[in-house]
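Student: What follows is start.cif, made up of mmCIF, C-alpha atoms:
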data_structure
#
loop_
_atom_site.label_atom_id
_atom_site.label_comp_id
_atom_site.auth_asym_id
_atom_site.auth_seq_id
_atom_site.Cartn_x
_atom_site.Cartn_y
_atom_site.Cartn_z
CA MET G 21 73.67 -1.23 88.63
CA ALA G 22 70.07 -0.96 88.85
CA ARG G 23 70.37 1.66 86.35
CA ASN G 24 72.56 -0.54 84.30
CA MET G 25 70.05 -3.17 84.43
CA ASN G 26 67.41 -0.86 83.70
CA VAL G 27 69.37 0.29 80.66
CA GLU G 28 69.98 -3.29 79.65
CA THR G 29 66.32 -4.04 80.03
CA GLN G 30 65.46 -0.99 78.14
CA LEU G 31 67.99 -1.95 75.49
CA ALA G 32 66.54 -5.42 75.33
CA VAL G 33 63.04 -3.99 75.08
CA ILE G 34 64.22 -1.59 72.37
CA GLU G 35 65.94 -4.43 70.49
CA HIS G 36 62.84 -6.49 70.81
CA GLU G 37 60.70 -3.60 69.61
CA LEU G 38 63.23 -2.97 66.83
CA ASP G 39 62.97 -6.62 65.78
CA GLN G 40 59.20 -6.35 65.84
CA THR G 41 59.39 -3.06 63.97
CA GLY G 42 61.69 -4.72 61.44
CA ALA G 43 59.16 -7.51 61.03
CA VAL G 44 56.38 -4.97 60.68
CA ILE G 45 58.49 -3.02 58.16
CA LYS G 46 59.13 -6.26 56.24
CA ARG G 47 55.40 -6.93 56.24
CA ILE G 48 54.76 -3.32 55.17
CA ASP G 49 57.42 -3.68 52.42
CA HIS G 50 55.79 -6.93 51.36
CA ALA G 51 52.35 -5.26 51.44
CA ILE G 52 53.72 -2.30 49.46
CA GLU G 53 55.14 -4.73 46.85
CA LYS G 54 51.78 -6.48 46.64
CA ILE G 55 49.96 -3.13 46.44
CA THR G 56 52.42 -2.09 43.70
CA ASP G 57 51.73 -5.34 41.84
CA VAL G 58 47.99 -4.92 42.32
CA THR G 59 48.25 -1.28 41.24
CA ALA G 60 50.14 -2.33 38.11
CA ASP G 61 47.52 -5.03 37.42
CA ILE G 62 44.74 -2.52 38.05
CA GLY G 63 46.50 -0.12 35.65
CA LYS G 64 46.62 -2.87 33.02
CA MET G 65 42.97 -3.72 33.65
CA LEU G 66 42.03 -0.05 33.42
CA ALA G 67 43.95 0.23 30.16
CA VAL G 68 42.12 -2.83 28.82
CA HIS G 69 38.80 -1.43 30.05
CA ASP G 70 39.61 1.95 28.50
CA GLN G 71 40.33 0.20 25.21
CA ARG G 72 37.08 -1.73 25.49
CA LEU G 73 35.19 1.45 26.36
CA ASP G 74 36.81 3.24 23.41
CA ARG G 75 35.89 0.35 21.13
CA GLY G 76 32.35 0.33 22.60
CA GLU G 77 32.02 4.08 22.12
CA LYS G 78 33.33 3.78 18.56
CA ALA G 79 30.92 0.89 17.89
CA THR G 80 28.06 2.91 19.39
CA SER G 81 29.07 5.91 17.32
CA ASP G 82 29.27 3.73 14.19
CA ILE G 83 25.86 2.25 14.98
CA PHE G 84 24.34 5.71 15.43
CA GLU G 85 25.93 6.87 12.16
CA LEU G 86 24.63 3.76 10.40
CA LEU G 87 21.17 4.27 11.92
CA GLU G 88 21.15 7.90 10.79
CA LYS G 89 22.27 6.84 7.32
CA ARG G 90 19.54 4.16 7.14
CA ARG G 91 16.95 6.65 8.44
CA ASN G 92 17.94 9.12 5.72
CA GLU G 93 17.82 6.36 3.09
CA MET G 94 14.40 5.27 4.36
CA ASN G 95 13.13 8.86 4.25
CA GLU G 96 14.43 9.14 0.67
CA ASP G 97 12.73 5.86 -0.25
CA ILE G 98 9.48 7.04 1.34
CA ARG G 99 9.67 10.30 -0.61
CA GLU G 100 10.34 8.33 -3.81
CA ILE G 101 7.42 5.97 -3.16
CA HIS G 102 5.15 8.91 -2.33
CA SER G 103 6.20 10.61 -5.56
CA ARG G 104 5.53 7.44 -7.56
CA ILE G 105 2.13 6.99 -5.92
CA THR G 106 1.22 10.62 -6.61
CA THR G 107 2.37 10.33 -10.24
CA THR G 108 0.53 7.04 -10.73
CA THR G 109 -2.62 8.48 -9.15
CA ARG G 110 -2.44 11.49 -11.42
CA GLU G 111 -1.90 9.30 -14.50
CA LEU G 112 -4.73 6.97 -13.50
CA SER G 113 -7.07 9.93 -12.95
CA THR G 114 -6.22 11.22 -16.41
CA GLU G 115 -6.73 7.78 -17.97
CA ILE G 116 -10.03 7.30 -16.13
CA GLY G 117 -11.16 10.73 -17.34
CA ASN G 118 -10.19 9.80 -20.91
CA LEU G 119 -11.99 6.46 -20.65
CA GLN G 120 -15.06 8.16 -19.21
CA THR G 121 -15.08 10.65 -22.09
CA CYS G 122 -14.61 7.79 -24.56
CA PHE G 123 -17.43 5.76 -22.96
CA LEU G 124 -19.77 8.74 -22.89
CA SER G 125 -19.10 9.54 -26.55
CA GLY G 126 -19.62 5.83 -27.39
CA ILE G 127 -22.90 5.83 -25.48
CA GLU G 128 -24.03 8.99 -27.29
CA GLU G 129 -23.10 7.38 -30.63
CA LEU G 130 -25.11 4.27 -29.70
CA LYS G 131 -28.08 6.42 -28.69
CA ARG G 132 -27.90 8.27 -32.00
CA GLU G 133 -27.74 4.98 -33.94
CA ILE G 134 -30.63 3.55 -31.92
CA ARG G 135 -32.71 6.67 -32.65
CA GLU G 136 -31.91 6.38 -36.37
CA ASP G 137 -32.78 2.66 -36.34
CA GLN G 138 -35.96 3.44 -34.43
CA LYS G 139 -36.91 6.10 -37.01
CA PHE G 140 -36.18 3.67 -39.83
CA HIS G 141 -38.21 0.90 -38.21
CA ASN G 142 -41.03 3.31 -37.34
CA GLU G 143 -41.17 4.44 -40.97
CA LYS G 144 -41.17 0.81 -42.16
CA GLN G 145 -43.90 0.00 -39.66
CA ARG G 146 -45.98 2.96 -40.88
CA THR G 147 -45.42 1.85 -44.46
CA LEU G 148 -46.50 -1.70 -43.62
CA GLU G 149 -49.48 -0.44 -41.62
CA ASP G 150 -50.47 1.74 -44.58
CA ARG G 151 -50.17 -1.22 -46.97
CA ILE G 152 -52.15 -3.42 -44.58
CA ALA G 153 -54.82 -0.71 -44.32
CA GLN G 154 -54.98 -0.47 -48.13
CA LEU G 155 -55.20 -4.25 -48.42
CA GLU G 156 -57.96 -4.30 -45.81
CA LYS G 157 -59.81 -1.61 -47.81
CA TRP G 158 -59.45 -3.71 -50.92
CA ARG G 159 -60.60 -6.78 -49.08
CA TYR G 160 -63.67 -4.98 -47.70
CA MET G 161 -64.36 -3.60 -51.18
CA LEU G 162 -64.05 -7.05 -52.71
CA VAL G 163 -66.21 -8.59 -49.99
CA GLY G 164 -68.72 -5.78 -50.48
CA ALA G 165 -68.53 -6.20 -54.24
CA GLY G 166 -68.94 -9.98 -53.80
CA ILE G 167 -71.97 -9.44 -51.59
CA VAL G 168 -73.43 -6.93 -54.03
CA GLY G 169 -72.55 -9.27 -56.92
CA GLY G 170 -74.15 -12.20 -55.07
CA LEU G 171 -77.29 -10.20 -54.41
CA VAL G 172 -77.40 -9.00 -57.98
CA LEU G 173 -76.81 -12.52 -59.22
CA ASN G 174 -79.48 -13.83 -56.86
CA LYS G 175 -81.90 -11.19 -58.11
CA LEU G 176 -81.00 -12.00 -61.71
CA LEU G 177 -81.51 -15.66 -61.14
CA THR G 178 -84.80 -14.97 -59.47
CA ILE G 179 -85.81 -12.77 -62.39
CA MET G 180 -84.69 -15.39 -64.85
CA ASP G 181 -86.59 -18.01 -63.02
CA ILE G 182 -89.65 -15.93 -63.11
CA THR G 183 -89.25 -15.21 -66.79
CA ILE G 184 -88.54 -18.73 -67.70
CA ARG G 185 -91.49 -19.96 -66.07
#
Let me see the structure of the file written as structure tokens.

Tutor:
Amino acid sequence: MARNMNVETQLAVIEHELDQTGAVIKRIDHAIEKITDVTADIGKMLAVHDQRLDRGEKATSDIFELLEKRRNEMNEDIREIHSRITTTTRELSTEIGNLQTCFLSGIEELKREIREDQKFHNEKQRTLEDRIAQLEKWRYMLVGAGIVGGLVLNKLLTIMDITIR
């Protein structure tokens, strides 16, 4: 009987442990269900995050492609501007050279005309100086002749005075 009791106690302990194990199993089943739900939600979140990452990578890739395209366009524009500047510089240098040649030939022409005018005016001045010199000679001759004439007239008058007296 003691053994019987012992068996009954053991049976009661086992039943009690079985009930507790059942409760633990129910809790584990409940936890497994929650973990399954959480895992499914995590899977959905991961799928959403993967989509976002894919979209982000595609956007980044598109941005890099666009940046590369813009960089190439900018390099082309810079080459075009450099070419235009070089061409314009070359054209301006040619035009400046042509203008310089034109100015120098104009200056030479003006110098030549000034020399010709100077020769003309120098010749006119010499001609006028010669005429003035001739007129001065005539004037001195006339003054000399007048003086001589006055002296002669004075002598004649003196002689006439003497003879008339």

Student: Rounded to one decimal in Å, what is the spacing between CA of His50 (chain G) and CA of Ile34 (chain G)?

Tutor: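 Spanning CA of His50 (chain G) to CA of Ile34 (chain G) is a straight-line distance of 23.3 Å.
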
Student: Give me, please, the distance in Å between CA of Trp158 (chain G) and CA of Arg146 (chain G), quoted to one decimal.

Tutor: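 According to the coordinates, CA of Trp158 (chain G) and CA of Arg146 (chain G) are separated by 18.1 Å.
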
Student: CA of Phe123 (chain G) and CA of Thr106 (chain G) are how many Å apart?

Tutor: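 The value is 25.3 Å.
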